[in-house]
Structures are given as structure tokens and as C-alpha cells.
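Worksheet: the structure to be examined is printed underneath.
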Amino acid sequence: MFKRFIPEFHAKSIYDININFYKKLYISLIISDLDNTLDAFNDGTPSLKAIELVKNIRNSGIDFIVISNNTKKRVSKYCDVLKVNYISSARKPFSYKIKKHIKELNINPENVIIIGDQTVTDICAGNGAKIHTILTDKLVENDQITTKFNRIFDKRIRKKLKNKGLLREWEDYLDGNN
């Protein structure tokens, strides 16, 4: 069971990851968590940093969508400004909606990566969908009430991953230290 929570890669932030990393993995679609991965959960609209990130990713030929367990109202408002597609009420850790979206786009799962700040939702869902996974640190300390419960488990899992040397940094892969 613990295996489902192991990310393929780790990054301090989605904003630290170099486009060449995605290119080396032949990524054609990035699925990014919203709250505490792209912006704080209480940010109603994308930060300039998020807008610039998405622009750079799309200019490199990689598609970008947002996934969130949050409501359609919250996610659509954010994504409309960002001008990206989204999956709201995703029900992560379940991977059904991710698999369905990938199938609808007719993309090979080997060319898809999910990026998120929680092992128990984002990484578990990504592993269930058999796509690449990157675990990030959370952007801000504050969390929604529902997320605070998940953080109890997430903290324990991260500690175990770190102690077992299972948090592989994305830079190591890019530098050829597979």
C-alpha cells in the first residue's frame, strides 16, 4: 500500500522545474494540482508567477491542465483567467477522472505527468493512473480545513520516504543521475 504514495520525483516547487526536464521525459501534458501547488488555496485568481509559468510551458509545446478536488466554482474562476482546461471535484486519490481525461485526449500515459503537494491525493492518484509524478512542498503554511487532515498522513509518509531515500530530486534526473 505504501508504494502508491511514492513519487517518481520531488521538487521544492512547481516553479523550480526546468522545461528541459519535461522534454527529457517526453511529456506532452502536465496535470497540475491547484491549491498549494500553483497558488495558495485562498487565491481566487492566478498569480503573475502562475500565468508566466503556464505561458512558458505552453510555448514549449506542452499542454497544461489544472486538477483539483475543489469545487467547479473555485477551479473554473481560477482557470478561466489562466486560460487552461481543468478537472474539478477530481476525487483524488482516485484516478478515474485522470484516466478518463487522458483517454479523451488520446495521449499515451507515459507522456503525462502530475504535479502536486500531497502524497495521499496527488501522488496516489497519479500512480493509480500510471503516469509520472512529482511531489512538491506546499507553497504556504495555511491549508483548507479538509486538507489539514490529509497533512497528518502526508507528514508521516514524507518522513518515511526521506528516511528510506525515496525522494528523488528532479534535477538529478535532468543531470543524468538516474
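Every chain in the C-alpha cells has a letter given in the order shown (A, B, ...), and although residue numbers restart at 1 in each chain, ligands are simply numbered from 1 in the order shown.
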
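Backbone DSSP over chain A yields strand (DSSP E or B) at Phe9, His10, Ala11, Leu29, Ile30, Ile31, Ser32, Asp33, Asp35, Asp39, Asp63, Phe64, Ile65, Val66, Ile67, Asn85, Tyr86, Ile87, Val112, Ile113, Ile114, Ile115, Gly116, His132, Thr133, Ile134, Leu135, Thr136 and Glu169 of chain A.
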
Serialized selection, N, CA, C and O atoms, as a short mmCIF file (atom, residue, chain, number, x, y, z; two decimals), in the first residue's frame:
```cif
data_model
loop_
_atom_site.label_atom_id
_atom_site.label_comp_id
_atom_site.auth_asym_id
_atom_site.auth_seq_id
_atom_site.Cartn_x
_atom_site.Cartn_y
_atom_site.Cartn_z
N PHE A 9 9.42 11.69 -8.62
CA PHE A 9 10.36 12.80 -8.43
C PHE A 9 9.86 13.73 -7.32
O PHE A 9 8.69 13.72 -6.96
N HIS A 10 10.77 14.56 -6.84
CA HIS A 10 10.44 15.60 -5.86
C HIS A 10 11.00 16.93 -6.35
O HIS A 10 12.06 16.98 -6.98
N ALA A 11 10.26 17.99 -6.08
CA ALA A 11 10.72 19.36 -6.37
C ALA A 11 10.26 20.25 -5.23
O ALA A 11 9.19 20.03 -4.66
N LEU A 29 1.73 16.47 -21.69
CA LEU A 29 0.67 17.03 -20.85
C LEU A 29 1.11 17.08 -19.40
O LEU A 29 1.52 16.07 -18.83
N ILE A 30 1.02 18.27 -18.82
CA ILE A 30 1.25 18.46 -17.39
C ILE A 30 -0.11 18.66 -16.73
O ILE A 30 -0.89 19.51 -17.14
N ILE A 31 -0.36 17.84 -15.72
CA ILE A 31 -1.57 17.99 -14.90
C ILE A 31 -1.10 18.53 -13.56
O ILE A 31 -0.36 17.86 -12.84
N SER A 32 -1.51 19.74 -13.24
CA SER A 32 -1.04 20.38 -12.01
C SER A 32 -2.17 20.54 -11.00
O SER A 32 -3.26 21.00 -11.33
N ASP A 33 -1.88 20.16 -9.77
CA ASP A 33 -2.78 20.46 -8.67
C ASP A 33 -2.85 21.98 -8.54
O ASP A 33 -1.93 22.70 -8.94
N ASP A 35 -4.41 24.04 -5.43
CA ASP A 35 -4.21 24.62 -4.10
C ASP A 35 -2.91 24.16 -3.45
O ASP A 35 -2.67 22.97 -3.25
N ASP A 39 -0.86 27.98 -6.49
CA ASP A 39 -1.09 29.17 -5.67
C ASP A 39 -1.71 28.74 -4.34
O ASP A 39 -2.14 27.59 -4.19
N ASP A 63 1.09 20.80 -23.24
CA ASP A 63 -0.23 21.21 -22.78
C ASP A 63 -0.25 21.22 -21.25
O ASP A 63 0.52 20.50 -20.61
N PHE A 64 -1.14 22.01 -20.68
CA PHE A 64 -1.19 22.19 -19.22
C PHE A 64 -2.64 22.24 -18.78
O PHE A 64 -3.43 23.01 -19.34
N ILE A 65 -3.00 21.41 -17.82
CA ILE A 65 -4.34 21.50 -17.23
C ILE A 65 -4.20 21.51 -15.71
O ILE A 65 -3.18 21.10 -15.15
N VAL A 66 -5.24 21.96 -15.06
CA VAL A 66 -5.28 22.02 -13.60
C VAL A 66 -6.25 20.96 -13.10
O VAL A 66 -7.30 20.73 -13.70
N ILE A 67 -5.88 20.31 -12.01
CA ILE A 67 -6.74 19.34 -11.36
C ILE A 67 -6.92 19.74 -9.91
O ILE A 67 -5.97 20.23 -9.28
N ASN A 85 -7.66 24.34 -19.40
CA ASN A 85 -8.70 23.38 -19.04
C ASN A 85 -8.46 22.90 -17.61
O ASN A 85 -7.35 23.05 -17.08
N TYR A 86 -9.47 22.26 -17.05
CA TYR A 86 -9.35 21.82 -15.66
C TYR A 86 -10.23 20.60 -15.40
O TYR A 86 -11.16 20.32 -16.16
N ILE A 87 -9.89 19.93 -14.33
CA ILE A 87 -10.71 18.85 -13.79
C ILE A 87 -11.02 19.27 -12.35
O ILE A 87 -10.12 19.35 -11.52
N VAL A 112 2.52 11.84 -19.77
CA VAL A 112 1.75 12.69 -18.87
C VAL A 112 2.42 12.69 -17.49
O VAL A 112 2.93 11.68 -17.03
N ILE A 113 2.39 13.86 -16.86
CA ILE A 113 2.94 13.99 -15.50
C ILE A 113 1.95 14.78 -14.65
O ILE A 113 1.31 15.71 -15.13
N ILE A 114 1.82 14.37 -13.40
CA ILE A 114 1.01 15.12 -12.44
C ILE A 114 1.96 15.72 -11.41
O ILE A 114 2.93 15.07 -10.99
N ILE A 115 1.67 16.96 -11.03
CA ILE A 115 2.48 17.67 -10.04
C ILE A 115 1.56 18.11 -8.92
O ILE A 115 0.53 18.74 -9.17
N GLY A 116 1.93 17.77 -7.69
CA GLY A 116 1.09 18.15 -6.56
C GLY A 116 1.84 18.12 -5.25
O GLY A 116 2.94 17.56 -5.15
N HIS A 132 3.62 9.77 -14.77
CA HIS A 132 4.74 10.30 -14.00
C HIS A 132 4.20 11.18 -12.87
O HIS A 132 3.15 11.81 -13.01
N THR A 133 4.95 11.23 -11.76
CA THR A 133 4.52 12.02 -10.60
C THR A 133 5.66 12.85 -10.05
O THR A 133 6.80 12.39 -9.99
N ILE A 134 5.31 14.07 -9.64
CA ILE A 134 6.25 14.94 -8.94
C ILE A 134 5.57 15.46 -7.68
O ILE A 134 4.50 16.08 -7.75
N LEU A 135 6.19 15.23 -6.55
CA LEU A 135 5.72 15.75 -5.28
C LEU A 135 6.44 17.06 -5.00
O LEU A 135 7.67 17.12 -5.09
N THR A 136 5.68 18.10 -4.70
CA THR A 136 6.28 19.38 -4.33
C THR A 136 6.04 19.64 -2.85
O THR A 136 5.19 19.02 -2.22
N GLU A 169 15.21 13.75 -6.46
CA GLU A 169 15.07 15.12 -6.95
C GLU A 169 15.03 15.16 -8.47
O GLU A 169 15.78 14.44 -9.13
#
```

### Query
What lies within 6 Å of segment 121-123 of chain A using only C-alpha atoms, ignoring chain neighbours under 6 positions off, as a PyMOL selection string?
chain A and resi 5+7+92-93

### Task
Name all residues at most 10 Å from Trp170 of chain A (count only C-alpha atoms; drop same-chain ones fewer than 2 positions away) and give them as a list in words.
Glu8, Phe9, His10, Ala11, Lys12, Asp16, Ile17, Asn18, Phe21, Tyr22, Ile134, Leu135, Leu167, Arg168, Asp172, Tyr173, Leu174, Asp175, Asn177 and Asn178 of chain A

Would you tabulate, counting only C-alpha atoms, all residues of segment 19-88 of chain A that have an atom at most 12 Å from an atom of segment 142-166 of chain A, showing the closest pair of atoms and their distance in Å to one decimal, sorted by chain then ascending number, as a tab-separated table?
```
residue	atom	partner	partner_atom	distance
A:Asp35	CA	A:Asp143	CA	8.4
A:Asn36	CA	A:Asp143	CA	7.7
A:Thr37	CA	A:Asp143	CA	11.4
A:Asp39	CA	A:Asp143	CA	11.3
A:Ala40	CA	A:Asn142	CA	7.8
A:Phe41	CA	A:Asp143	CA	6.8
A:Asn42	CA	A:Gln144	CA	8.5
A:Asp43	CA	A:Asn142	CA	11.6
A:Ser68	CA	A:Thr147	CA	11.9
A:Asn69	CA	A:Thr147	CA	10.2
A:Asn70	CA	A:Gln144	CA	10.2
```

### Message
Could you go through chain A and tell me which residues DSSP, when run on the backbone, assigns to helix (DSSP H, G or I), listing them as a VMD selection string?
### Response
chain A and resid 2 to 5 14 to 16 19 to 24 48 to 59 72 to 82 96 to 105 109 to 111 119 to 128 145 to 163 170 to 174

### Task
Point out the residue among A:Ala50, A:Ala125, A:Leu25, A:Val120 with the least atom-to-atom distance to Val81 of chain A, counting only C-alpha atoms.
A:Ala50

What's around segment 53-61 of chain A at 9 Å? Count only C-alpha atoms, leave out sequence neighbours fewer than 4 positions away in its own chain, and write the answer as a PDB file with N, CA and C atoms, in the first residue's frame.
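Once everything was written out, this is around_1.pdb:
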```
ATOM      1  N   ILE A  14       6.768  23.774  -8.050  1.00  0.00           N
ATOM      2  CA  ILE A  14       6.494  23.639  -9.477  1.00  0.00           C
ATOM      3  C   ILE A  14       7.251  24.712 -10.260  1.00  0.00           C
ATOM      4  N   TYR A  15       7.524  25.819  -9.600  1.00  0.00           N
ATOM      5  CA  TYR A  15       8.196  26.945 -10.251  1.00  0.00           C
ATOM      6  C   TYR A  15       9.700  26.728 -10.421  1.00  0.00           C
ATOM      7  N   ILE A  19      11.954  23.408 -17.952  1.00  0.00           N
ATOM      8  CA  ILE A  19      11.242  22.860 -19.109  1.00  0.00           C
ATOM      9  C   ILE A  19      11.995  21.675 -19.718  1.00  0.00           C
ATOM     10  N   LYS A  23      10.888  17.854 -21.262  1.00  0.00           N
ATOM     11  CA  LYS A  23      11.283  17.434 -22.615  1.00  0.00           C
ATOM     12  C   LYS A  23      12.035  16.101 -22.569  1.00  0.00           C
ATOM     13  N   SER A  28       3.955  15.488 -22.828  1.00  0.00           N
ATOM     14  CA  SER A  28       3.116  16.308 -23.703  1.00  0.00           C
ATOM     15  C   SER A  28       1.967  16.944 -22.931  1.00  0.00           C
ATOM     16  N   ILE A  30       1.017  18.269 -18.823  1.00  0.00           N
ATOM     17  CA  ILE A  30       1.249  18.459 -17.389  1.00  0.00           C
ATOM     18  C   ILE A  30      -0.106  18.655 -16.730  1.00  0.00           C
ATOM     19  N   LEU A  48       0.873  36.267 -10.956  1.00  0.00           N
ATOM     20  CA  LEU A  48       1.646  36.534 -12.169  1.00  0.00           C
ATOM     21  C   LEU A  48       2.653  35.412 -12.420  1.00  0.00           C
ATOM     22  N   LYS A  49       3.167  34.849 -11.350  1.00  0.00           N
ATOM     23  CA  LYS A  49       4.110  33.739 -11.433  1.00  0.00           C
ATOM     24  C   LYS A  49       3.456  32.524 -12.110  1.00  0.00           C
ATOM     25  N   LEU A  82      -6.441  31.904 -16.184  1.00  0.00           N
ATOM     26  CA  LEU A  82      -5.217  31.253 -16.643  1.00  0.00           C
ATOM     27  C   LEU A  82      -5.348  30.734 -18.084  1.00  0.00           C
ATOM     28  N   VAL A  84      -6.745  27.831 -19.138  1.00  0.00           N
ATOM     29  CA  VAL A  84      -6.424  26.412 -19.251  1.00  0.00           C
ATOM     30  C   VAL A  84      -7.647  25.565 -18.915  1.00  0.00           C
TER      31      VAL A  84
END
```

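Each of A:Ser95, A:Ser89, A:Asp137, A:Glu171 was compared to Ser13 of chain A using only C-alpha atoms, and A:Asp137 turns out to be the nearest.
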